[in-house]
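To keep things clear, I will list the structure first and then write my remarks on it.
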Amino acid sequence: DTFNEAETRFYIAELVEAIDYIHTNLHYIHRDIKPDNIVYDINGHIHLLDFGLCKHTPPLPAHESVSGGREPAQRDSSGSFSRAPRHPARAHLQSVVGTPDYMGPEVYRKDPYGKECDMWSLGIIMFEMLFGGPPFSDERHDPAVTSARVMRWRQHFHMPQDPNVSAEARDLIRGLICDPQDRLTADQIRAHPFFQGLEFKKLRSMHAPIKPVVNGPLDTSNFDDFGGAEDQFVIPASRHQ
């Protein structure tokens, strides 16, 4: 099953707001953003769950800022989207934690990483919503195969030729499934052409495109049984962070 672009736009926008709140207001990195950790409320708005792998990352002092990142996308004379680099200050972690299909290459490599790893996961989820599955998944569910594909993401990353997926959607995905220093920030995502006309500040007051059918507050019929914690894995780093 896939989502159409209107549904994807709304729910990715709500997920951006949730992720940015964790990063900016709470100074945490989630590190396990995936569909299993996202639920609808009774009105069809989404909530981000499971903060068991979160890590606190206090903001760096201004004098420790690092340059890099991306400017909001704009069309150039050829009709393509282009950006200029820029990057915020960030703290770094090294622990290899998360769920294989949604972990960024820098996490697998045990490189020092920051909140950009959550934006990779966002890109994987958006890809899955529009195309029906995560881009680096192994058909036999072998995490070793998935990790090898993710670490060689340039070789294995391909978007299907689907006329229902716009150039703007594809460009946004490419701005998330990329190297950490090039990954879009929350503000840059909000300014992306894919979200043109969407008022992020009014998302919670909008009518959600999908409203779940429930019989009461204890109805769990919409939940699948995923078997629990075996989908997560943790590889100790030389210095656990």
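Convention: chains lettered A, B, ... in structure tokens order; per-chain residue numbering from 1; ligands numbered from 1 as shown.
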Within 10 Å of region 118-128 of chain A, which residues of region 154-195 of chain A come that close, and what is the closest atom pair and distance in Å for each? Count only C-alpha atoms and give it as a Markdown table.
```
| residue | atom | partner | partner_atom | distance |
| --- | --- | --- | --- | --- |
| A:Met159 | CA | A:Phe127 | CA | 8.3 |
| A:Ala169 | CA | A:Met126 | CA | 8.8 |
| A:Arg170 | CA | A:Phe127 | CA | 8.6 |
| A:Leu172 | CA | A:Gly123 | CA | 7.9 |
| A:Ile173 | CA | A:Gly123 | CA | 5.3 |
| A:Arg174 | CA | A:Gly123 | CA | 7.8 |
| A:Gly175 | CA | A:Gly123 | CA | 8.0 |
| A:Leu176 | CA | A:Gly123 | CA | 4.9 |
| A:Ile177 | CA | A:Trp120 | CA | 5.4 |
| A:Cys178 | CA | A:Trp120 | CA | 7.5 |
| A:Asp179 | CA | A:Trp120 | CA | 8.9 |
| A:Pro180 | CA | A:Trp120 | CA | 8.0 |
| A:Arg183 | CA | A:Met119 | CA | 7.1 |
| A:Leu184 | CA | A:Met119 | CA | 7.4 |
| A:Thr185 | CA | A:Met119 | CA | 7.6 |
| A:Ala186 | CA | A:Met119 | CA | 8.4 |
| A:Ile189 | CA | A:Met119 | CA | 9.8 |
```
Distance query Ile19 (chain A) at most 10 Å, only C-alpha atoms, self and fewer than 4 positions along chain excluded, as number ranges by chain
A: 13-15, 23-25, 28-30, 33, 48, 115, 118-119, 122, 186
Nearest to Asp20 (chain A), chosen from A:Leu198, A:Ser166, A:Asp138, A:Glu116, with only C-alpha atoms counted in the distances
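Of the candidates, the smallest distance to Asp20 (chain A) is held by A:Glu116.
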Could you work out how far CA of Phe195 (chain A) lies from CA of Lys34 (chain A), giving the answer in Å with one decimal?
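A separation of 21.3 Å between them.
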Residue set, region 69-222 of chain A restricted to strand (DSSP E or B), as a ChimeraX atom specification
/A:74-75,81-82,93,96-98,113
Give me every helix (DSSP H, G or I) residue in region 85-169 of chain A, going by DSSP on the backbone, as a VMD selection string.
chain A and resid 100 to 102 105 to 108 116 to 131 143 to 151 153 to 156 167 to 169
Output for the residues just chosen: C-alpha atoms as a PDB file, in the first residue's frame:
```
ATOM      1  CA  PRO A 100      18.130  -1.559  10.145  1.00  0.00           C
ATOM      2  CA  ASP A 101      15.878  -0.275   7.336  1.00  0.00           C
ATOM      3  CA  TYR A 102      15.811   3.261   8.795  1.00  0.00           C
ATOM      4  CA  PRO A 105      25.032   5.195   6.746  1.00  0.00           C
ATOM      5  CA  GLU A 106      26.967   7.264   9.277  1.00  0.00           C
ATOM      6  CA  VAL A 107      25.345   5.269  12.093  1.00  0.00           C
ATOM      7  CA  TYR A 108      26.317   1.939  10.530  1.00  0.00           C
ATOM      8  CA  GLU A 116      20.844  14.471  10.846  1.00  0.00           C
ATOM      9  CA  CYS A 117      20.406  10.714  11.366  1.00  0.00           C
ATOM     10  CA  ASP A 118      16.727  11.351  12.179  1.00  0.00           C
ATOM     11  CA  MET A 119      16.319  13.203   8.878  1.00  0.00           C
ATOM     12  CA  TRP A 120      17.654  10.185   6.984  1.00  0.00           C
ATOM     13  CA  SER A 121      14.939   8.114   8.683  1.00  0.00           C
ATOM     14  CA  LEU A 122      12.380  10.729   7.636  1.00  0.00           C
ATOM     15  CA  GLY A 123      13.508  10.355   4.020  1.00  0.00           C
ATOM     16  CA  ILE A 124      13.224   6.567   4.207  1.00  0.00           C
ATOM     17  CA  ILE A 125       9.678   6.866   5.568  1.00  0.00           C
ATOM     18  CA  MET A 126       8.691   9.317   2.829  1.00  0.00           C
ATOM     19  CA  PHE A 127      10.117   6.960   0.200  1.00  0.00           C
ATOM     20  CA  GLU A 128       8.165   4.084   1.741  1.00  0.00           C
ATOM     21  CA  MET A 129       4.932   6.085   1.789  1.00  0.00           C
ATOM     22  CA  LEU A 130       5.165   6.952  -1.903  1.00  0.00           C
ATOM     23  CA  PHE A 131       6.741   3.790  -3.323  1.00  0.00           C
ATOM     24  CA  PRO A 143      20.152  -6.819   8.579  1.00  0.00           C
ATOM     25  CA  ALA A 144      23.678  -7.508   7.306  1.00  0.00           C
ATOM     26  CA  VAL A 145      22.486  -7.156   3.703  1.00  0.00           C
ATOM     27  CA  THR A 146      20.508  -4.029   4.554  1.00  0.00           C
ATOM     28  CA  SER A 147      23.480  -2.438   6.314  1.00  0.00           C
ATOM     29  CA  ALA A 148      25.763  -3.160   3.343  1.00  0.00           C
ATOM     30  CA  ARG A 149      23.257  -1.518   0.998  1.00  0.00           C
ATOM     31  CA  VAL A 150      22.856   1.528   3.222  1.00  0.00           C
ATOM     32  CA  MET A 151      26.602   2.048   3.570  1.00  0.00           C
ATOM     33  CA  TRP A 153      23.659   3.932  -0.663  1.00  0.00           C
ATOM     34  CA  ARG A 154      24.761   5.708  -3.850  1.00  0.00           C
ATOM     35  CA  GLN A 155      25.069   2.350  -5.578  1.00  0.00           C
ATOM     36  CA  HIS A 156      21.780   0.929  -4.313  1.00  0.00           C
ATOM     37  CA  ALA A 167       9.703  16.045  -9.212  1.00  0.00           C
ATOM     38  CA  GLU A 168       9.293  18.062  -6.001  1.00  0.00           C
ATOM     39  CA  ALA A 169       8.674  14.900  -3.948  1.00  0.00           C
TER      40      ALA A 169
END
```
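CA of Tyr113 (chain A) to CA of Thr57 (chain A) spans 10.9 Å [interatomic distance, one decimal].
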Can you work out which one of A:Ile22, A:Val165, A:Ala6, A:Met103 has the shortest atom-to-atom distance to Pro209 (chain A), counting only C-alpha atoms?
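The answer is A:Ala6, which sits nearest to Pro209 (chain A).
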For the atom pair CA of Glu139 (chain A) and CA of Asp1 (chain A), what is the interatomic distance in Å to one decimal place?
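These atoms are spaced 16.7 Å apart.
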